[in-house]
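Participant: File name structure-v1.txt; file contents compact mmCIF, C-alpha atoms; full text below.
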```txt
# COMPACT_ATOMS: atom_id res chain seq x y z
CA MET E 8 3.02 73.08 -30.07
CA ILE E 9 4.30 74.52 -26.78
CA LYS E 10 0.78 74.53 -25.35
CA ARG E 11 0.44 70.86 -26.26
CA ILE E 12 3.77 70.06 -24.61
CA LEU E 13 2.75 71.99 -21.48
CA LEU E 14 -0.65 70.32 -21.30
CA LEU E 15 0.88 66.85 -21.58
CA SER E 16 3.45 67.70 -18.94
CA LEU E 17 0.90 69.06 -16.49
CA ILE E 18 -1.53 66.20 -16.93
CA LEU E 19 1.20 63.74 -16.06
CA VAL E 20 2.72 65.76 -13.24
CA PHE E 21 -0.40 66.73 -11.35
CA ALA E 22 -2.58 63.63 -11.82
CA LEU E 23 -3.11 62.43 -8.27
CA THR E 24 -3.23 58.79 -9.25
CA GLY E 25 -0.97 58.59 -12.28
CA LEU E 26 2.25 59.04 -10.30
CA ALA E 27 1.25 57.32 -7.12
CA GLN E 28 4.02 54.78 -7.61
CA ASP E 29 6.74 57.23 -8.75
CA ASN E 30 9.19 56.00 -6.11
CA GLY E 31 9.19 52.60 -7.78
CA ALA E 32 9.56 53.76 -11.38
CA ASP E 33 11.13 51.26 -13.73
CA SER E 34 14.89 51.65 -14.05
CA THR E 35 17.83 49.47 -14.86
CA GLU E 36 19.82 48.63 -11.79
CA ILE E 37 23.19 46.93 -12.13
CA LYS E 38 22.37 43.25 -12.53
CA SER E 39 25.76 41.81 -13.42
CA ASP E 40 28.94 41.95 -11.39
CA VAL E 41 30.72 45.27 -11.41
CA PRO E 42 34.29 44.97 -12.79
CA GLU E 43 36.82 44.80 -9.95
CA LYS E 44 38.55 47.99 -11.07
CA VAL E 45 35.25 49.86 -11.13
CA GLN E 46 34.25 48.48 -7.73
CA LEU E 47 37.54 49.65 -6.26
CA SER E 48 36.92 53.13 -7.68
CA LEU E 49 33.40 53.26 -6.25
CA ASP E 50 34.57 52.05 -2.84
CA GLY E 51 37.46 54.48 -2.93
CA LEU E 52 35.13 57.41 -3.59
CA LEU E 53 32.99 56.53 -0.61
CA LYS E 54 35.90 55.91 1.76
CA THR E 55 38.41 58.60 0.76
CA ARG E 56 36.15 61.29 -0.76
CA THR E 57 38.70 61.69 -3.55
CA SER E 58 38.50 61.15 -7.28
CA ASN E 59 40.80 60.66 -10.25
CA ASN E 60 40.74 62.97 -13.23
CA ILE E 61 41.53 60.73 -16.19
CA TYR E 62 38.36 61.95 -17.90
CA SER E 63 38.02 65.20 -15.89
CA LEU E 64 34.46 64.48 -14.76
CA LYS E 65 32.86 67.59 -13.25
CA LEU E 66 29.33 68.26 -12.03
CA LEU E 67 27.80 70.91 -14.29
CA ASP E 68 24.28 71.41 -12.92
CA THR E 69 21.23 69.78 -11.37
CA TYR E 70 17.60 70.25 -12.40
CA TYR E 71 14.50 69.27 -10.43
CA TYR E 72 10.99 68.41 -11.55
CA VAL E 73 7.87 67.94 -9.41
CA LEU E 74 6.42 64.47 -8.97
CA GLN E 75 3.65 63.46 -6.58
CA LYS E 76 5.68 61.93 -3.76
CA SER E 77 9.24 62.52 -4.92
CA VAL E 78 11.35 64.61 -7.30
CA PHE E 79 12.78 63.85 -10.72
CA VAL E 80 16.45 64.86 -10.55
CA ASN E 81 18.53 65.43 -13.67
CA ILE E 82 22.31 65.48 -13.26
CA LEU E 83 24.42 67.23 -15.90
CA PHE E 84 28.18 66.69 -15.91
CA THR E 85 31.10 67.38 -18.22
CA ALA E 86 33.64 64.76 -19.24
CA GLU E 87 36.61 64.85 -21.59
CA LEU E 88 35.77 61.59 -23.31
CA ASP E 89 35.98 62.44 -26.99
CA ALA E 90 39.70 63.14 -26.81
CA LYS E 91 40.23 59.55 -25.66
CA ILE E 92 38.04 57.99 -28.36
CA GLY E 93 40.91 58.01 -30.85
CA GLU E 94 43.06 55.89 -28.54
CA LEU E 95 40.21 53.47 -27.80
CA GLU E 96 39.33 53.28 -31.49
CA LYS E 97 42.97 52.51 -32.33
CA GLY E 98 42.98 49.74 -29.73
CA LEU E 99 39.77 48.36 -31.22
CA LYS E 100 41.25 48.56 -34.75
CA ASP E 101 44.48 46.90 -33.62
CA LYS E 102 42.51 44.01 -32.12
CA PHE E 103 40.49 43.74 -35.31
CA ASP E 104 43.68 43.74 -37.43
CA ILE E 105 45.04 40.87 -35.31
CA THR E 106 41.77 38.95 -35.69
CA LYS E 107 41.69 39.68 -39.44
CA ALA E 108 45.31 38.59 -39.85
CA LYS E 109 44.56 35.32 -38.04
CA TYR E 110 41.51 34.84 -40.26
CA ASP E 111 43.52 35.49 -43.44
CA GLU E 112 46.27 33.14 -42.24
CA TYR E 113 43.74 30.44 -41.44
CA VAL E 114 41.96 30.80 -44.81
CA SER E 115 45.24 30.81 -46.71
CA GLU E 116 46.48 27.72 -44.86
CA MET E 117 43.21 25.84 -45.33
CA GLU E 118 43.00 26.74 -49.05
CA LYS E 119 46.62 25.60 -49.51
CA ARG E 120 45.99 22.36 -47.58
CA THR E 121 42.81 21.66 -49.51
CA ALA E 122 44.58 22.26 -52.82
CA GLU E 123 47.41 19.91 -51.86
CA GLU E 124 44.99 17.20 -50.77
CA ASN E 125 43.02 17.57 -54.00
CA LEU E 126 46.22 17.13 -56.04
CA LYS E 127 46.80 13.82 -54.27
CA ILE E 128 43.19 12.81 -54.83
CA GLU E 129 43.45 13.65 -58.53
CA GLU E 130 46.63 11.55 -58.85
CA GLN E 131 44.88 8.62 -57.17
CA ASN E 132 41.80 9.05 -59.36
CA LYS E 133 43.93 8.81 -62.50
CA LYS E 134 44.82 5.25 -61.52
CA ILE E 135 41.17 4.27 -61.01
CA GLU E 136 39.36 3.24 -64.17
CA ASP E 137 35.94 2.66 -62.59
CA ILE E 138 34.36 6.14 -62.39
CA THR E 139 32.12 5.08 -59.52
CA ARG E 140 35.16 4.42 -57.35
CA LYS E 141 36.82 7.77 -57.94
CA VAL E 142 37.17 9.96 -54.80
CA ALA E 143 35.40 13.33 -54.73
CA LEU E 144 37.58 16.40 -54.39
CA LYS E 145 37.48 18.18 -51.05
CA LYS E 146 35.92 21.61 -50.73
CA PHE E 147 36.91 24.25 -48.19
CA ASN E 148 33.95 26.31 -46.99
CA LYS E 149 35.50 29.66 -46.16
CA PRO E 150 34.00 31.20 -43.01
CA GLN E 151 32.62 34.72 -43.17
CA SER E 152 35.32 37.34 -42.99
CA PRO E 153 35.32 39.55 -39.86
CA VAL E 154 34.06 43.08 -40.49
CA TYR E 155 35.35 46.12 -38.65
CA LYS E 156 32.61 48.19 -37.04
CA LYS E 157 32.95 51.38 -35.06
CA ARG E 158 31.25 51.28 -31.69
CA ALA E 159 28.17 53.31 -30.82
CA SER E 160 29.56 53.58 -27.29
CA TYR E 161 33.11 53.44 -25.97
CA HIS E 162 32.30 53.93 -22.28
CA ASN E 163 30.06 52.61 -19.53
CA LEU E 164 28.73 54.67 -16.64
CA TYR E 165 28.37 53.09 -13.19
CA LEU E 166 26.44 55.01 -10.54
CA LYS E 167 25.85 54.51 -6.84
CA VAL E 168 23.52 56.79 -4.94
CA VAL E 169 24.40 56.88 -1.24
CA ARG E 170 22.14 58.24 1.50
CA ASP E 171 23.22 58.45 5.15
CA GLY E 172 26.27 56.33 4.34
CA ALA E 173 24.25 53.45 2.86
CA GLU E 174 23.74 52.41 -0.75
CA TYR E 175 20.37 53.75 -1.90
CA GLN E 176 20.35 53.08 -5.66
CA LYS E 177 22.79 51.73 -8.25
CA PHE E 178 22.73 51.76 -12.03
CA LYS E 179 24.73 51.06 -15.17
CA ALA E 180 24.32 52.54 -18.65
CA LEU E 181 26.17 52.98 -21.92
CA VAL E 182 27.61 56.44 -22.57
CA PRO E 183 26.50 57.48 -26.09
CA TYR E 184 29.07 58.66 -28.61
CA ASN E 185 28.47 60.88 -31.63
CA GLY E 186 31.64 61.45 -33.58
CA LEU E 187 30.07 64.25 -35.60
CA ASN E 188 29.41 66.57 -32.68
CA GLU E 189 31.76 67.70 -29.94
CA LEU E 190 30.52 66.67 -26.51
CA GLU E 191 29.17 69.57 -24.44
CA TYR E 192 27.86 67.59 -21.47
CA LEU E 193 26.22 64.31 -20.45
CA SER E 194 23.18 63.76 -18.26
CA PHE E 195 21.15 61.12 -16.47
CA GLY E 196 17.96 61.20 -14.42
CA LEU E 197 16.95 59.82 -11.02
CA ILE E 198 13.79 59.71 -8.93
CA LEU E 199 14.64 60.72 -5.35
CA GLU E 200 12.86 61.86 -2.24
CA PRO E 201 13.86 65.29 -0.87
CA GLY E 202 17.10 65.08 1.12
CA LYS E 203 20.90 64.87 0.87
CA TYR E 204 22.73 62.31 -1.26
CA ASP E 205 26.22 61.37 -2.44
CA LEU E 206 26.53 60.43 -6.11
CA LEU E 207 29.44 58.09 -6.85
CA VAL E 208 30.06 58.02 -10.60
CA VAL E 209 32.59 55.96 -12.56
CA VAL E 210 32.95 56.28 -16.34
CA ASP E 211 34.85 53.23 -17.53
CA ALA E 212 36.33 52.52 -20.98
CA TYR E 213 34.68 49.61 -22.81
CA ASP E 214 37.88 47.55 -22.53
CA ASN E 215 38.32 48.48 -18.83
CA SER E 216 41.66 50.11 -19.69
CA GLU E 217 40.98 53.39 -17.89
CA ASP E 218 38.31 55.18 -15.95
CA GLY E 219 37.38 58.51 -14.46
CA THR E 220 35.41 59.18 -11.28
CA LEU E 221 33.20 61.83 -9.80
CA LEU E 222 31.93 62.41 -6.27
CA ALA E 223 29.02 64.85 -6.11
CA GLU E 224 26.98 65.84 -3.10
CA ILE E 225 23.46 67.03 -3.89
CA GLU E 226 20.49 68.15 -1.84
CA VAL E 227 17.12 67.48 -3.41
CA PRO E 228 14.73 70.31 -2.48
CA LYS E 229 11.24 69.85 -1.12
CA LEU E 230 9.51 70.00 -4.46
CA THR E 231 6.84 67.31 -4.36
CA LEU E 232 3.22 68.01 -5.25
CA SER E 233 2.27 68.47 -1.58
CA ASP E 234 5.22 70.86 -1.08
CA ILE E 235 4.20 73.22 -3.87
CA ALA E 236 0.46 72.98 -3.15
CA ALA E 237 0.64 74.13 0.50
CA PRO E 238 -0.75 77.73 0.40
CA LYS E 239 1.47 80.61 1.57
CA LYS E 240 0.93 84.33 1.89
CA ASN E 241 4.01 85.07 -0.19
CA LEU E 242 4.50 82.89 -3.24
CA GLY E 243 7.78 81.08 -3.54
CA ASN E 244 9.25 79.31 -6.53
CA SER E 245 11.70 76.69 -7.66
CA ARG E 246 14.86 77.78 -9.44
CA PRO E 247 13.90 79.49 -12.73
CA VAL E 248 15.51 77.93 -15.81
CA PHE E 249 15.75 79.13 -19.41
CA TYR E 250 15.59 76.56 -22.20
CA LYS E 251 16.68 76.77 -25.83
CA LYS E 252 14.23 74.04 -26.74
CA VAL E 253 11.71 71.71 -25.14
CA SER E 254 10.35 68.79 -27.15
CA THR E 255 8.30 65.63 -26.69
CA LEU E 256 9.96 62.21 -26.70
CA LEU E 257 8.39 59.54 -28.89
CA GLU E 258 8.23 57.13 -25.96
CA ALA E 259 8.80 57.23 -22.24
CA GLU E 260 12.18 56.24 -20.85
CA LYS E 261 11.94 52.64 -19.67
CA ARG E 262 15.41 52.22 -18.20
CA PHE E 263 18.26 54.22 -16.73
CA THR E 264 20.04 55.97 -19.60
CA VAL E 265 22.76 58.52 -20.24
CA VAL E 266 22.20 61.14 -22.96
CA ARG E 267 24.34 63.81 -24.67
CA ASP E 268 23.82 67.58 -24.71
CA ASN E 269 20.26 67.61 -23.33
CA TYR E 270 18.41 66.09 -20.43
CA GLN E 271 15.26 64.05 -20.40
CA ILE E 272 12.38 63.35 -18.04
CA GLY E 273 11.20 60.03 -19.36
CA ILE E 274 8.26 59.78 -16.97
CA VAL E 275 6.61 62.74 -18.75
CA LYS E 276 8.24 62.11 -22.17
CA GLN E 277 10.02 65.46 -22.22
CA LYS E 278 13.44 66.47 -23.62
CA PHE E 279 15.05 69.72 -22.44
CA SER E 280 17.96 71.76 -23.85
CA PRO E 281 18.78 74.34 -21.16
CA TYR E 282 20.94 77.42 -21.26
CA THR E 283 23.55 76.11 -18.84
CA GLY E 284 25.39 78.17 -16.24
CA ASN E 285 24.26 80.97 -13.96
CA GLU E 286 24.82 83.84 -16.41
CA TYR E 287 22.26 84.05 -19.18
CA LYS E 288 23.29 85.55 -22.53
CA PHE E 289 20.84 86.03 -25.38
CA LYS E 290 20.72 87.72 -28.75
CA SER E 291 18.03 90.28 -29.44
CA GLY E 292 15.13 88.39 -31.01
CA ASP E 293 15.76 85.15 -29.13
CA SER E 294 12.77 83.48 -27.48
CA PRO E 295 14.10 81.40 -24.57
CA ILE E 296 11.52 79.33 -22.72
CA LEU E 297 11.34 80.24 -19.03
CA THR E 298 10.06 77.62 -16.58
CA PHE E 299 9.68 77.27 -12.82
CA PHE E 300 7.25 75.85 -10.27
CA LEU E 301 5.35 78.17 -7.97
CA LYS E 302 5.21 77.22 -4.30
CA GLY E 303 2.32 78.25 -2.10
CA ALA E 304 -0.43 78.97 -4.65
CA LYS E 305 -3.87 78.18 -3.25
CA MET E 306 -5.78 75.28 -4.80
CA VAL E 307 -9.60 75.47 -4.53
CA GLN E 308 -12.49 73.16 -5.38
CA LYS E 309 -13.16 74.39 -8.89
CA ASN E 310 -11.94 73.81 -12.42
CA PRO E 311 -9.20 74.85 -12.85
CA PRO E 312 -8.17 74.66 -9.16
CA TRP E 313 -5.48 77.36 -9.55
CA ASP E 314 -5.93 80.95 -10.73
CA LEU E 315 -2.73 82.93 -11.19
CA THR E 316 -1.75 85.99 -13.23
CA ALA E 317 1.83 86.67 -14.36
CA ASN E 318 3.06 90.08 -15.54
CA ILE E 319 6.35 89.97 -17.44
CA SER E 320 8.62 92.86 -18.34
CA ILE E 321 12.19 93.62 -19.39
CA VAL E 322 13.95 96.41 -17.50
CA ASN E 323 17.26 98.19 -17.67
CA GLY E 324 17.99 99.47 -14.18
CA LYS E 325 14.73 101.14 -13.17
CA LYS E 326 13.66 101.83 -16.75
CA LYS E 327 11.03 99.50 -18.22
CA ILE E 328 12.13 98.56 -21.73
CA SER E 329 9.19 96.37 -22.71
CA SER E 330 6.28 94.48 -21.21
CA PHE E 331 4.14 91.56 -22.26
CA LYS E 332 0.45 90.83 -22.16
CA PRO E 333 -0.47 89.36 -18.73
CA VAL E 334 -0.34 85.56 -18.71
CA LYS E 335 -3.07 83.55 -17.00
CA LEU E 336 -1.80 80.42 -15.26
CA GLN E 337 -4.22 77.62 -14.46
CA ASN E 338 -1.65 75.64 -12.48
CA PRO E 339 1.57 76.41 -10.58
CA TYR E 340 3.90 75.51 -13.47
CA PHE E 341 5.16 78.58 -15.30
CA PHE E 342 6.13 77.62 -18.87
CA GLN E 343 6.45 80.57 -21.19
CA PRO E 344 8.64 81.63 -24.16
CA VAL E 345 9.90 85.18 -23.66
CA LYS E 346 10.81 87.37 -26.67
CA ILE E 347 14.04 89.25 -25.96
CA ASN E 348 13.07 92.52 -27.68
CA GLY E 349 12.09 96.06 -26.87
CA LYS E 350 8.71 97.70 -27.40
CA LYS E 351 7.07 96.89 -30.74
CA ASP E 352 9.74 94.24 -31.32
CA LYS E 353 12.46 96.86 -31.41
CA GLU E 354 15.92 95.30 -31.32
CA LEU E 355 17.68 95.57 -27.98
CA GLU E 356 21.14 97.04 -27.83
CA ALA E 357 23.92 94.93 -26.36
CA GLY E 358 24.08 95.32 -22.59
CA LYS E 359 22.74 94.12 -19.26
CA TYR E 360 19.02 93.81 -18.54
CA SER E 361 16.66 92.01 -16.18
CA LEU E 362 13.55 89.98 -16.81
CA VAL E 363 10.94 90.66 -14.13
CA VAL E 364 8.07 88.24 -13.49
CA GLU E 365 5.41 89.35 -10.99
CA ILE E 366 2.72 86.84 -10.08
CA VAL E 367 -0.59 87.31 -8.25
CA ASP E 368 -2.58 84.43 -6.74
CA ASN E 369 -6.20 85.30 -7.48
CA ASN E 370 -7.42 82.53 -5.15
CA LEU E 371 -5.64 84.02 -2.15
CA LYS E 372 -5.96 87.76 -1.86
CA GLY E 373 -2.68 89.51 -1.20
CA SER E 374 -0.53 86.50 -2.13
CA LYS E 375 2.17 87.63 -4.56
CA GLY E 376 5.54 86.58 -5.86
CA LYS E 377 8.30 88.33 -7.78
CA ILE E 378 11.29 86.99 -9.71
CA VAL E 379 14.08 89.13 -11.14
CA LEU E 380 16.41 87.42 -13.60
CA PRO E 381 19.48 89.35 -14.83
CA PHE E 382 20.61 88.59 -18.38
CA GLU E 383 22.87 90.05 -21.04
CA VAL E 384 22.11 90.84 -24.65
CA ILE E 385 25.03 90.02 -26.95
CA LYS E 386 25.58 90.59 -30.66
```
Would you mind writing the structure in this file as structure tokens?
Facilitator:
Amino acid sequence: MIKRILLLSLILVFALTGLAQDNGADSTEIKSDVPEKVQLSLDGLLKTRTSNNIYSLKLLDTYYYVLQKSVFVNILFTAELDAKIGELEKGLKDKFDITKAKYDEYVSEMEKRTAEENLKIEEQNKKIEDITRKVALKKFNKPQSPVYKKRASYHNLYLKVVRDGAEYQKFKALVPYNGLNELEYLSFGLILEPGKYDLLVVVDAYDNSEDGTLLAEIEVPKLTLSDIAAPKKNLGNSRPVFYKKVSTLLEAEKRFTVVRDNYQIGIVKQKFSPYTGNEYKFKSGDSPILTFFLKGAKMVQKNPPWDLTANISIVNGKKKISSFKPVKLQNPYFFQPVKINGKKDKELEAGKYSLVVEIVDNNLKGSKGKIVLPFEVIK
């Protein structure tokens, strides 16, 4: 399954024609007018560089993925939204109760009025002997009763991407709500060229009663296809990331969306659940998926164009605890589950270790790279 996911990802990422238009990928920009309160918040962020903390929006992490001419950027942020849902739900229920009360009052009044009118008609009909001249009784057609429905979303997200002081992109999306699971973080994705940007984010309640804002400054690294394909004597790499799970989306993202507790790269139909934070903690027996892009591997005119070998080991200080069979890479995207165990699958004791990945470029003699990733084994 993982090989299939990797193959799909690589085909889409490294096809020289398939992503030629990645800078113009389909997304949903804000079409309608931004509410005045939201606009004031966005303008205030840009002018004052301050934010309000009604929802305690905080940047959690950024993740980058190679495209041909630009970079897919995923933004993860935390927000204390669920605690406010109860208040918003109560407001929604109160409005429904008012609407329902008006409905009940209207129905009761119309049924009473119809009954009174029919009594008069019946009295008149008693005085009319000719049946063909009798007046038909009136009938009140009761309208459908309003039904209370909980909302799938209680918040909207408004985003402006600013570059060199000018608006670069802008979007709007619903913030999903799942009452069964506590919110860990939210995320959205952008396609950006390498460079520095300001992200101006406003999360606004559906009834525009309150909002929270976030100003985040990010620098998108040089991680386009041409950046990683330029050969170097010493191999470099993008930031290594461990994932709990990587899965395939049923269909590609067609518009700007916000998702909960994972991040997605719609352009390659991938869904990622990372171990967040800078300190990695695993249980013995876990198999986190390690990924990163190699920078500087030589591409030659053959199939496959890359030829790389990765040696992976777990060490404790200078002592090698376990090692894995060398991995052959046919492209500069390292995507490999790593079993957190000792030799012969022996359980690791709780403590601090390091995962060491040493890579040799077989197309460029002497070109090597080494990554050391500290982690902790917990019970």
Participant: Here's a test: counting only C-alpha atoms, identify every protein, DNA and RNA residue with an atom at most 10 Å from (23.1, 73.3, -22.0) in the file's coordinate frame, and state them as a list in words.
Facilitator: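 All residues meeting the 10 Å criterion around (23.1, 73.3, -22.0) are Leu67, Asp68, Leu83, Glu191, Tyr192, Leu193, Phe249, Tyr250, Lys251, Arg267, Asp268, Asn269, Tyr270, Phe279, Ser280, Pro281, Tyr282, Thr283 and Gly284 of chain E.
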Participant: Produce a file of the selected residues containing C-alpha atoms, as a PDB file, in the coordinates of the input.
Facilitator:
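Result went into out-v5.pdb, see below:
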```pdb
ATOM      1  CA  LEU E  67      27.800  70.910 -14.290  1.00  0.00           C
ATOM      2  CA  ASP E  68      24.280  71.410 -12.920  1.00  0.00           C
ATOM      3  CA  LEU E  83      24.420  67.230 -15.900  1.00  0.00           C
ATOM      4  CA  GLU E 191      29.170  69.570 -24.440  1.00  0.00           C
ATOM      5  CA  TYR E 192      27.860  67.590 -21.470  1.00  0.00           C
ATOM      6  CA  LEU E 193      26.220  64.310 -20.450  1.00  0.00           C
ATOM      7  CA  PHE E 249      15.750  79.130 -19.410  1.00  0.00           C
ATOM      8  CA  TYR E 250      15.590  76.560 -22.200  1.00  0.00           C
ATOM      9  CA  LYS E 251      16.680  76.770 -25.830  1.00  0.00           C
ATOM     10  CA  ARG E 267      24.340  63.810 -24.670  1.00  0.00           C
ATOM     11  CA  ASP E 268      23.820  67.580 -24.710  1.00  0.00           C
ATOM     12  CA  ASN E 269      20.260  67.610 -23.330  1.00  0.00           C
ATOM     13  CA  TYR E 270      18.410  66.090 -20.430  1.00  0.00           C
ATOM     14  CA  PHE E 279      15.050  69.720 -22.440  1.00  0.00           C
ATOM     15  CA  SER E 280      17.960  71.760 -23.850  1.00  0.00           C
ATOM     16  CA  PRO E 281      18.780  74.340 -21.160  1.00  0.00           C
ATOM     17  CA  TYR E 282      20.940  77.420 -21.260  1.00  0.00           C
ATOM     18  CA  THR E 283      23.550  76.110 -18.840  1.00  0.00           C
ATOM     19  CA  GLY E 284      25.390  78.170 -16.240  1.00  0.00           C
TER      20      GLY E 284
END
```
Participant: May I ask for the distance between atom CA of Leu301 of chain E and atom CA of Pro333 of chain E, given in Å to one decimal place?
Facilitator: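 Computing it gives 16.6 Å between the two atoms.
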Participant: Using all atoms listed in the file, can you tell me which of E:Gly373, E:Phe300, E:Ser291, E:Thr255 comes closest to Val345 of chain E?
Facilitator: E:Ser291
Participant: Work out how far apart atom CA of Glu354 of chain E and atom CA of Leu380 of chain E are and give it in Å to one decimal.
Facilitator: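 Computing the Euclidean distance for atom CA of Glu354 of chain E and atom CA of Leu380 of chain E yields 19.4 Å.
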Participant: Any idea what the distance is between atom CA of Lys375 of chain E and atom CA of Ala236 of chain E?
Facilitator: 14.8 Å
Participant: Looking at all atoms listed in the file, which of E:Leu257, E:Gly349, E:Phe382, E:Asn241 is the one that sits closest to Glu365 of chain E?
Facilitator: E:Asn241
Participant: Quick one: residues within 10 Å of segment 243-246 of chain E, only C-alpha atoms counted, chain neighbours fewer than 4 positions away excluded, as a list in words?
Facilitator: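 Neighbouring residues, sequence-local ones excluded: Tyr70, Tyr71, Tyr72, Val73, Pro228, Lys229, Leu230, Ile235, Pro238, Lys239, Thr298, Phe299, Phe300, Leu301, Lys302, Gly303, Ala304, Pro339, Tyr340, Phe341, Lys375, Gly376, Lys377 and Ile378 of chain E.
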Participant: Just the residues within 10 Å of Asn215 of chain E, please, counting only C-alpha atoms, with nothing from its chain fewer than 5 positions along; format it as a list in words.
Facilitator: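 Near Asn215 of chain E, the qualifying residues are Pro42, Glu43, Lys44, Val45, His162, Asn163 and Val210 of chain E.
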Participant: Given the choices E:Asp205, E:Asp368, E:Asp352, E:Asp293, which gets closest to Trp313 of chain E if the distance is worked out from only C-alpha atoms?
Facilitator: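 Smallest separation from Trp313 of chain E among the options: E:Asp368.
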Participant: Using only C-alpha atoms, which of the listed residues (E:Ala212, E:Ile328, E:Val265, E:Ile366) sits closest to Leu99 of chain E?
Facilitator: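 Among the listed residues, E:Ala212 lies closest to Leu99 of chain E.
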Participant: Restricting the calculation to all atoms listed in the file: of E:Tyr113, E:Phe331, E:Tyr165, E:Phe103, which residue gets closest to Leu49 of chain E?
Facilitator: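 Answer, going by the shortest atom-to-atom distance: E:Tyr165.
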Participant: Of the candidates E:Gln46, E:Ser374, E:Ser152, E:Asn188, which one gets nearest to Val114 of chain E if we count all atoms listed in the file?
Facilitator: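 Comparing E:Gln46, E:Ser374, E:Ser152, E:Asn188 against Val114 of chain E, the winner is E:Ser152.
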Participant: Which residues come within 7 Å of segment 123-129 of chain E, counting all atoms listed in the file, excluding same-chain residues fewer than 6 positions away, as a ChimeraX atom specification?
Facilitator: /E:142,144-145
Participant: Which neighbours of Lys141 of chain E fall inside 10 Å, counting only C-alpha atoms, when residues of the same chain fewer than 5 positions from it are skipped, and could you give them as a ChimeraX atom specification?
Facilitator: /E:128-129,131-136
Participant: Show me, as a ChimeraX atom specification, the residues that have an atom within 10 Å of Lys91 of chain E when counting all atoms listed in the file, minus same-chain residues fewer than 5 positions from it.
Facilitator: /E:61-62,96,161,212,217
